[in-house]
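Chemist: Here it is: the structure, laid out below.
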Amino acid sequence: MAERITLAKEGKAEYVEKKSVFIGYAAPVNDENEALAIIADVKKKHADARHHVYAYHLGGGLAARCSDDGEPQGTAGIPVLDIIRKGGFSDAVIVVTRYFGGILLGAGGLVRAYSAAARLAVEAAGIITYDTFAEVTLRCSYQDHGKLTTLLSAPDLLCDGIEYTEAVTLSLAMPEERLEAFRSRVTELTAGRASLTVKGTRFDCRKLS
């Protein structure tokens, strides 16, 4: 997988439809257990609410679940899940808690309200794209480190740490497609003296320039 699109953070929003209050919660998750834990936490916080509708979508569609939680079938869980699917992101859970206001909304009203609360919660959370980053170790002399200063200041290059001993050792991460060009430039600037070792890959986000 070249990229991972998910929520940037937790988000919360409120939507009111004919005196019924819909509170939407959206959060990024890594697995099903984390999604279920968030659902349980929302239910605990709003134990007095009538409905806790939820949906989660994991691993690009490897696991997708939703619940109407007592609402008429198809009026709540599926519309919330559709917010995730149509939003083009994954590894996320959305819970919409409803406090009944005494006025029946009908099927159309429920779909509209649950969708609106879920969408607002997603907007509050924001969507972010994580690219596949190569993790590398760069080892060079102090003199060569000075020659690499401009290269190392690239906005999409992440520095996880630096060790200063008899040489300079940097733990770096960069978009995977940048690796070979970076390697060539390091070799050129240091006349092949610096060593570059690839440790693995991870998902991360590019820094803004």
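The chains in the structure tokens are called A, B, ... from first to last as shown; in each chain the residues are counted from 1, and the ligands are counted from 1 in the order shown.
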Per residue of segment 33-140 of chain A within 10 Å of segment 200-206 of chain A, record the nearest atom pair and its distance in Å to one decimal, counting only C-alpha atoms, with rows in chain order and ascending residue number, as CSV.
Modeler:
```
residue,atom,partner,partner_atom,distance
A:Ile128,CA,A:Cys205,CA,7.9
A:Thr129,CA,A:Cys205,CA,6.5
A:Tyr130,CA,A:Cys205,CA,4.6
A:Asp131,CA,A:Phe203,CA,5.4
A:Thr132,CA,A:Phe203,CA,4.8
A:Phe133,CA,A:Arg202,CA,5.3
A:Ala134,CA,A:Thr201,CA,4.5
A:Glu135,CA,A:Gly200,CA,5.3
A:Val136,CA,A:Gly200,CA,7.3
```
Chemist: Could you save the residues just selected, with N, CA and C atoms, as a compact mmCIF listing (two decimals), in the first residue's frame?
Modeler:
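And here is the file that came out, part.txt:
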```txt
# COMPACT_ATOMS: atom_id res chain seq x y z
N ILE A 128 -6.32 13.14 6.64
CA ILE A 128 -4.89 13.26 6.36
C ILE A 128 -4.41 12.05 5.58
N THR A 129 -3.43 12.27 4.71
CA THR A 129 -2.85 11.19 3.92
C THR A 129 -1.47 10.85 4.45
N TYR A 130 -1.28 9.60 4.78
CA TYR A 130 0.03 9.11 5.20
C TYR A 130 0.65 8.34 4.03
N ASP A 131 1.86 8.72 3.65
CA ASP A 131 2.58 8.04 2.59
C ASP A 131 3.49 6.96 3.18
N THR A 132 3.96 6.06 2.33
CA THR A 132 4.96 5.08 2.75
C THR A 132 6.32 5.77 2.78
N PHE A 133 6.91 5.82 3.97
CA PHE A 133 8.22 6.44 4.15
C PHE A 133 9.26 5.35 4.37
N ALA A 134 10.42 5.54 3.76
CA ALA A 134 11.56 4.65 4.01
C ALA A 134 12.31 5.17 5.22
N GLU A 135 12.64 4.27 6.14
CA GLU A 135 13.44 4.62 7.32
C GLU A 135 14.90 4.25 7.04
N VAL A 136 15.79 5.21 7.19
CA VAL A 136 17.20 4.98 6.85
C VAL A 136 18.12 5.51 7.95
```
Chemist: Give me, as JSON lines, the closest atom pair and its distance (Å, one decimal) for every residue of segment 16-57 of chain A within a cut-off of 10 Å of segment 2-8 of chain A, counting only C-alpha atoms, rows sorted by chain and rising number.
Modeler:
```
{"residue": "A:Ala26", "atom": "CA", "partner": "A:Leu7", "partner_atom": "CA", "distance": 8.0}
{"residue": "A:Ala27", "atom": "CA", "partner": "A:Leu7", "partner_atom": "CA", "distance": 6.4}
{"residue": "A:Pro28", "atom": "CA", "partner": "A:Leu7", "partner_atom": "CA", "distance": 5.1}
{"residue": "A:Val29", "atom": "CA", "partner": "A:Thr6", "partner_atom": "CA", "distance": 8.7}
{"residue": "A:His57", "atom": "CA", "partner": "A:Thr6", "partner_atom": "CA", "distance": 10.0}
```
Chemist: Counting only C-alpha atoms, which residue out of A:Gln73, A:Ser153, A:Ser20, A:Ser171 sits closest to Thr137 of chain A?
Modeler: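 Closest candidate: A:Ser171.
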Chemist: Skipping near chain neighbours, those fewer than 4 positions away, what residues fall within 10 Å of segment 38-52 of chain A using only C-alpha atoms, listed as a ChimeraX atom specification?
Modeler: /A:21-27,29,32-34,56,67-71,76-77,93-100
Chemist: Contacts of Gly59 of chain A at 10 Å or less, counting only C-alpha atoms, minus same-chain residues fewer than 6 places along, as number ranges by chain?
Modeler: A: 4, 30-32, 89-92
Chemist: My list of candidates is A:Glu163, A:Gly192, A:Pro72, A:Leu36. Which is closest to Leu104 of chain A when distances are computed with only C-alpha atoms?
Modeler: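 Residue with the minimum atom-to-atom distance to Leu104 of chain A: A:Pro72.
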Chemist: Go through A:Gly88, A:Val186, A:Ser195, A:Tyr54 and flag the residue nearest Thr149 of chain A, using only C-alpha atoms for the distances.
Modeler: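 Distance minimum relative to Thr149 of chain A lands on A:Val186.
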Chemist: Would you mind reading off the distance between atom CA of Ala125 of chain A and atom CA of Val80 of chain A, one decimal, in Å?
Modeler: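 Atom-to-atom, atom CA of Ala125 of chain A to atom CA of Val80 of chain A, that is 15.0 Å.
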Chemist: From a backbone DSSP assignment, name each residue in segment 3-199 of chain A labelled strand (DSSP E or B), as an MDAnalysis selection string.
Modeler: chainID A and resid 3:7 11:17 20:28 51:58 63:67 92:99 127:140 158:164 168:175 195:199
Chemist: Generate a file of the selected residues that holds C-alpha atoms, formatted as a PDB file, in the first residue's frame.
Modeler:
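Ended up saving to again-v3.pdb:
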```pdb
ATOM      1  CA  GLU A   3      -0.598   5.516   1.147  1.00  0.00           C
ATOM      2  CA  ARG A   4      -3.049   5.487   4.035  1.00  0.00           C
ATOM      3  CA  ILE A   5      -5.895   8.016   4.189  1.00  0.00           C
ATOM      4  CA  THR A   6      -7.518   8.406   7.594  1.00  0.00           C
ATOM      5  CA  LEU A   7      -8.649  10.984  10.145  1.00  0.00           C
ATOM      6  CA  GLY A  11     -13.486  15.143  16.121  1.00  0.00           C
ATOM      7  CA  LYS A  12     -16.817  15.946  17.755  1.00  0.00           C
ATOM      8  CA  ALA A  13     -19.860  17.819  16.455  1.00  0.00           C
ATOM      9  CA  GLU A  14     -23.513  18.342  17.282  1.00  0.00           C
ATOM     10  CA  TYR A  15     -26.538  18.457  14.986  1.00  0.00           C
ATOM     11  CA  VAL A  16     -30.136  19.214  15.994  1.00  0.00           C
ATOM     12  CA  GLU A  17     -33.153  18.028  14.028  1.00  0.00           C
ATOM     13  CA  SER A  20     -33.507  15.572  18.694  1.00  0.00           C
ATOM     14  CA  VAL A  21     -29.821  16.139  19.433  1.00  0.00           C
ATOM     15  CA  PHE A  22     -27.295  14.098  17.466  1.00  0.00           C
ATOM     16  CA  ILE A  23     -23.724  14.113  18.807  1.00  0.00           C
ATOM     17  CA  GLY A  24     -21.147  12.798  16.382  1.00  0.00           C
ATOM     18  CA  TYR A  25     -17.738  11.436  17.358  1.00  0.00           C
ATOM     19  CA  ALA A  26     -15.101  10.504  14.768  1.00  0.00           C
ATOM     20  CA  ALA A  27     -11.644   9.093  15.455  1.00  0.00           C
ATOM     21  CA  PRO A  28      -8.777   7.315  13.687  1.00  0.00           C
ATOM     22  CA  HIS A  51     -29.386   5.424  20.548  1.00  0.00           C
ATOM     23  CA  HIS A  52     -25.673   5.019  19.864  1.00  0.00           C
ATOM     24  CA  VAL A  53     -25.314   4.415  16.150  1.00  0.00           C
ATOM     25  CA  TYR A  54     -21.842   3.539  14.914  1.00  0.00           C
ATOM     26  CA  ALA A  55     -19.781   2.521  11.914  1.00  0.00           C
ATOM     27  CA  TYR A  56     -16.146   1.684  11.434  1.00  0.00           C
ATOM     28  CA  HIS A  57     -14.030   0.900   8.389  1.00  0.00           C
ATOM     29  CA  LEU A  58     -10.595  -0.706   8.633  1.00  0.00           C
ATOM     30  CA  ALA A  63     -13.380  -4.910   7.982  1.00  0.00           C
ATOM     31  CA  ALA A  64     -16.456  -2.710   7.854  1.00  0.00           C
ATOM     32  CA  ARG A  65     -19.238  -2.808  10.434  1.00  0.00           C
ATOM     33  CA  CYS A  66     -22.210  -0.645  11.352  1.00  0.00           C
ATOM     34  CA  SER A  67     -25.184  -0.685  13.730  1.00  0.00           C
ATOM     35  CA  ALA A  92     -11.732   5.190  11.360  1.00  0.00           C
ATOM     36  CA  VAL A  93     -14.769   4.897  13.605  1.00  0.00           C
ATOM     37  CA  ILE A  94     -17.781   7.191  13.865  1.00  0.00           C
ATOM     38  CA  VAL A  95     -20.340   7.074  16.676  1.00  0.00           C
ATOM     39  CA  VAL A  96     -23.503   9.201  16.604  1.00  0.00           C
ATOM     40  CA  THR A  97     -25.413   9.450  19.868  1.00  0.00           C
ATOM     41  CA  ARG A  98     -29.047  10.542  19.701  1.00  0.00           C
ATOM     42  CA  TYR A  99     -31.059  12.236  22.433  1.00  0.00           C
ATOM     43  CA  ILE A 127      -8.591  13.931   6.849  1.00  0.00           C
ATOM     44  CA  ILE A 128      -4.886  13.265   6.362  1.00  0.00           C
ATOM     45  CA  THR A 129      -2.853  11.185   3.920  1.00  0.00           C
ATOM     46  CA  TYR A 130       0.030   9.105   5.202  1.00  0.00           C
ATOM     47  CA  ASP A 131       2.578   8.039   2.589  1.00  0.00           C
ATOM     48  CA  THR A 132       4.958   5.084   2.751  1.00  0.00           C
ATOM     49  CA  PHE A 133       8.217   6.439   4.154  1.00  0.00           C
ATOM     50  CA  ALA A 134      11.563   4.655   4.006  1.00  0.00           C
ATOM     51  CA  GLU A 135      13.444   4.617   7.320  1.00  0.00           C
ATOM     52  CA  VAL A 136      17.203   4.976   6.851  1.00  0.00           C
ATOM     53  CA  THR A 137      20.374   5.454   8.866  1.00  0.00           C
ATOM     54  CA  LEU A 138      22.892   7.922   7.468  1.00  0.00           C
ATOM     55  CA  ARG A 139      26.434   7.862   8.857  1.00  0.00           C
ATOM     56  CA  CYS A 140      28.980  10.466   7.831  1.00  0.00           C
ATOM     57  CA  LEU A 158      11.995  13.633   8.691  1.00  0.00           C
ATOM     58  CA  CYS A 159      14.800  13.413  11.235  1.00  0.00           C
ATOM     59  CA  ASP A 160      14.083  10.975  14.078  1.00  0.00           C
ATOM     60  CA  GLY A 161      17.372  11.530  15.857  1.00  0.00           C
ATOM     61  CA  ILE A 162      21.065  12.402  15.622  1.00  0.00           C
ATOM     62  CA  GLU A 163      24.031  10.860  17.431  1.00  0.00           C
ATOM     63  CA  TYR A 164      27.379  12.647  17.649  1.00  0.00           C
ATOM     64  CA  VAL A 168      27.510  11.768  12.833  1.00  0.00           C
ATOM     65  CA  THR A 169      24.704   9.187  12.675  1.00  0.00           C
ATOM     66  CA  LEU A 170      21.243  10.347  11.617  1.00  0.00           C
ATOM     67  CA  SER A 171      17.998   8.384  11.756  1.00  0.00           C
ATOM     68  CA  LEU A 172      15.906   9.653   8.848  1.00  0.00           C
ATOM     69  CA  ALA A 173      12.632   8.938   7.070  1.00  0.00           C
ATOM     70  CA  MET A 174      11.551  10.081   3.625  1.00  0.00           C
ATOM     71  CA  PRO A 175       8.868   9.263   1.026  1.00  0.00           C
ATOM     72  CA  SER A 195      26.940   5.244   4.266  1.00  0.00           C
ATOM     73  CA  LEU A 196      23.182   4.874   3.944  1.00  0.00           C
ATOM     74  CA  THR A 197      21.343   1.869   5.388  1.00  0.00           C
ATOM     75  CA  VAL A 198      17.626   1.177   4.860  1.00  0.00           C
ATOM     76  CA  LYS A 199      15.967  -0.111   8.051  1.00  0.00           C
TER      77      LYS A 199
END
```
Chemist: Enumerate, as a PyMOL selection string, the complete set of residues in segment 56-206 of chain A that a backbone-based DSSP assignment places in alpha helix (DSSP H).
Modeler: chain A and resi 77-87+106-125+142-147+149-152+179-190
Chemist: Taking into account only C-alpha atoms, which residue in the set A:Ala37, A:Ala116, A:Ile83, A:Leu189 is nearest to Gly146 of chain A?
Modeler: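 Once distances to Gly146 of chain A are computed over only C-alpha atoms, the minimum belongs to A:Leu189.
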Chemist: Could you jot down the atom CA of His145 of chain A to atom CA of Thr187 of chain A separation for me, Å, one decimal place?
Modeler: 12.2 Å
Chemist: State, in Å with one decimal place, the distance from atom CA of Leu110 of chain A to atom CA of Lys18 of chain A.
Modeler: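 Between atom CA of Leu110 of chain A and atom CA of Lys18 of chain A the gap is 10.7 Å.
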